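K.L.:
Below are the structure tokens for one structure; questions will follow.
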Amino acid sequence: MVYDACVEVKLREGIADPQGSTIEKATDNLGFAGITNVRVGKCIRFQVEAGDEEEAKNIVSELCDRFLTNPVIEEAVIEIQVVG
């Protein structure tokens with residue numbers, strides 16, 4: 001089966017996020033009050049072929065550990081769903 005995978009990569013709690021800080025400051029300067037705790041991450045979307053959803057999630061998890069994230073400073077949130 002083919003599955004859609006969405007991997008949200010974000011900085012771990014406690015890791016400084018200078019991009020987020022810059023965006024947060026800019027929103028105030030642009031007149032958007034109340035925007036706080038801005039964190040910048042990335043979303044990686046792709047398809048994966050696997051026997052079942054659990055296998056697909058395991059493949060994506062290993063890909064994250066070995067290639068898509070820096071496990072020292074980043075964490076991944078994985079979403080898997082059947083294509084169709």
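In the structure tokens, chains take letters A, B, ... by order of appearance, with residues numbered from 1 within each chain and ligands from 1 in the order shown.
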Just the strand (DSSP E or B) stuff from segment 1-73 of chain A, please, per backbone DSSP, written as a ChimeraX atom specification.

P.N.:
/A:2-11,42-49

K.L.:
With N, CA and C atoms kept, could you save the residues just selected as a PDB file, in the first residue's frame?

P.N.:
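What landed in part-v2.pdb:
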```
ATOM      1  N   VAL A   2       0.279   2.335  -0.455  1.00  0.00           N
ATOM      2  CA  VAL A   2       0.977   3.615  -0.476  1.00  0.00           C
ATOM      3  C   VAL A   2       0.349   4.528   0.579  1.00  0.00           C
ATOM      4  N   TYR A   3       1.208   5.189   1.325  1.00  0.00           N
ATOM      5  CA  TYR A   3       0.779   6.071   2.407  1.00  0.00           C
ATOM      6  C   TYR A   3       1.340   7.476   2.192  1.00  0.00           C
ATOM      7  N   ASP A   4       0.531   8.473   2.534  1.00  0.00           N
ATOM      8  CA  ASP A   4       1.029   9.842   2.603  1.00  0.00           C
ATOM      9  C   ASP A   4       1.686  10.020   3.964  1.00  0.00           C
ATOM     10  N   ALA A   5       2.859  10.606   3.957  1.00  0.00           N
ATOM     11  CA  ALA A   5       3.570  10.889   5.204  1.00  0.00           C
ATOM     12  C   ALA A   5       3.774  12.394   5.322  1.00  0.00           C
ATOM     13  N   CYS A   6       3.557  12.896   6.513  1.00  0.00           N
ATOM     14  CA  CYS A   6       3.847  14.287   6.821  1.00  0.00           C
ATOM     15  C   CYS A   6       4.711  14.288   8.073  1.00  0.00           C
ATOM     16  N   VAL A   7       5.893  14.844   7.954  1.00  0.00           N
ATOM     17  CA  VAL A   7       6.823  14.919   9.079  1.00  0.00           C
ATOM     18  C   VAL A   7       6.997  16.394   9.441  1.00  0.00           C
ATOM     19  N   GLU A   8       6.585  16.748  10.651  1.00  0.00           N
ATOM     20  CA  GLU A   8       6.805  18.095  11.160  1.00  0.00           C
ATOM     21  C   GLU A   8       8.072  18.062  12.004  1.00  0.00           C
ATOM     22  N   VAL A   9       9.077  18.781  11.552  1.00  0.00           N
ATOM     23  CA  VAL A   9      10.352  18.846  12.271  1.00  0.00           C
ATOM     24  C   VAL A   9      10.382  20.166  13.031  1.00  0.00           C
ATOM     25  N   LYS A  10      10.594  20.071  14.343  1.00  0.00           N
ATOM     26  CA  LYS A  10      10.642  21.285  15.156  1.00  0.00           C
ATOM     27  C   LYS A  10      11.771  21.184  16.165  1.00  0.00           C
ATOM     28  N   LEU A  11      12.216  22.349  16.604  1.00  0.00           N
ATOM     29  CA  LEU A  11      13.282  22.391  17.601  1.00  0.00           C
ATOM     30  C   LEU A  11      12.758  21.854  18.928  1.00  0.00           C
ATOM     31  N   LYS A  42       9.753  22.919  10.075  1.00  0.00           N
ATOM     32  CA  LYS A  42       9.536  22.612   8.664  1.00  0.00           C
ATOM     33  C   LYS A  42       8.639  21.387   8.565  1.00  0.00           C
ATOM     34  N   CYS A  43       7.931  21.309   7.461  1.00  0.00           N
ATOM     35  CA  CYS A  43       7.049  20.182   7.203  1.00  0.00           C
ATOM     36  C   CYS A  43       7.539  19.492   5.929  1.00  0.00           C
ATOM     37  N   ILE A  44       7.775  18.214   6.017  1.00  0.00           N
ATOM     38  CA  ILE A  44       8.249  17.429   4.875  1.00  0.00           C
ATOM     39  C   ILE A  44       7.152  16.429   4.530  1.00  0.00           C
ATOM     40  N   ARG A  45       6.645  16.485   3.301  1.00  0.00           N
ATOM     41  CA  ARG A  45       5.569  15.594   2.850  1.00  0.00           C
ATOM     42  C   ARG A  45       6.089  14.696   1.733  1.00  0.00           C
ATOM     43  N   PHE A  46       5.725  13.426   1.805  1.00  0.00           N
ATOM     44  CA  PHE A  46       6.107  12.470   0.769  1.00  0.00           C
ATOM     45  C   PHE A  46       5.229  11.236   0.875  1.00  0.00           C
ATOM     46  N   GLN A  47       5.387  10.326  -0.080  1.00  0.00           N
ATOM     47  CA  GLN A  47       4.659   9.063  -0.037  1.00  0.00           C
ATOM     48  C   GLN A  47       5.635   7.932   0.221  1.00  0.00           C
ATOM     49  N   VAL A  48       5.142   6.908   0.911  1.00  0.00           N
ATOM     50  CA  VAL A  48       5.965   5.749   1.243  1.00  0.00           C
ATOM     51  C   VAL A  48       5.145   4.485   0.981  1.00  0.00           C
ATOM     52  N   GLU A  49       5.785   3.502   0.409  1.00  0.00           N
ATOM     53  CA  GLU A  49       5.133   2.220   0.166  1.00  0.00           C
ATOM     54  C   GLU A  49       5.496   1.267   1.296  1.00  0.00           C
TER      55      GLU A  49
END
```

K.L.:
For segment 21-26 of chain A, work out the shell of residues within 10 Å, counting only C-alpha atoms and skipping chain neighbours fewer than 6 positions away, then give it as a short mmCIF file (atom, residue, chain, number, x, y, z; two decimals) with C-alpha atoms, in the first residue's frame.

P.N.:
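This is the output file around-v9.cif:
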```cif
data_model
loop_
_atom_site.label_atom_id
_atom_site.label_comp_id
_atom_site.auth_asym_id
_atom_site.auth_seq_id
_atom_site.Cartn_x
_atom_site.Cartn_y
_atom_site.Cartn_z
CA PHE A 32 -0.26 42.30 15.38
CA ALA A 33 -0.61 42.30 19.16
CA GLY A 34 -0.65 39.15 21.24
CA ILE A 35 1.59 36.96 19.04
CA THR A 36 3.91 35.05 21.40
CA ASN A 37 6.07 31.92 21.63
CA VAL A 38 6.78 31.77 17.88
CA ARG A 39 8.74 28.66 16.85
CA VAL A 40 9.87 27.93 13.29
#
```

K.L.:
Just give me the gap between atom CA of Glu74 of chain A and atom CA of Val60 of chain A in Å, one decimal is fine.

P.N.:
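Computing the Euclidean distance for atom CA of Glu74 of chain A and atom CA of Val60 of chain A yields 15.3 Å.
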
K.L.:
Looking only at alpha helix (DSSP H) from DSSP on the backbone, list the matching residues of chain A as a PyMOL selection string.

P.N.:
chain A and resi 18-29+53-63

K.L.:
Measure the distance from atom CA of Glu53 of chain A to atom CA of Asn70 of chain A in Å and round it to one decimal.

P.N.:
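Atom CA of Glu53 of chain A sits 24.5 Å away from atom CA of Asn70 of chain A.
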
K.L.:
Just give me the gap between atom CA of Glu79 of chain A and atom CA of Lys57 of chain A in Å, one decimal is fine.

P.N.:
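Atom CA of Lys57 of chain A lies 7.9 Å from atom CA of Glu79 of chain A.
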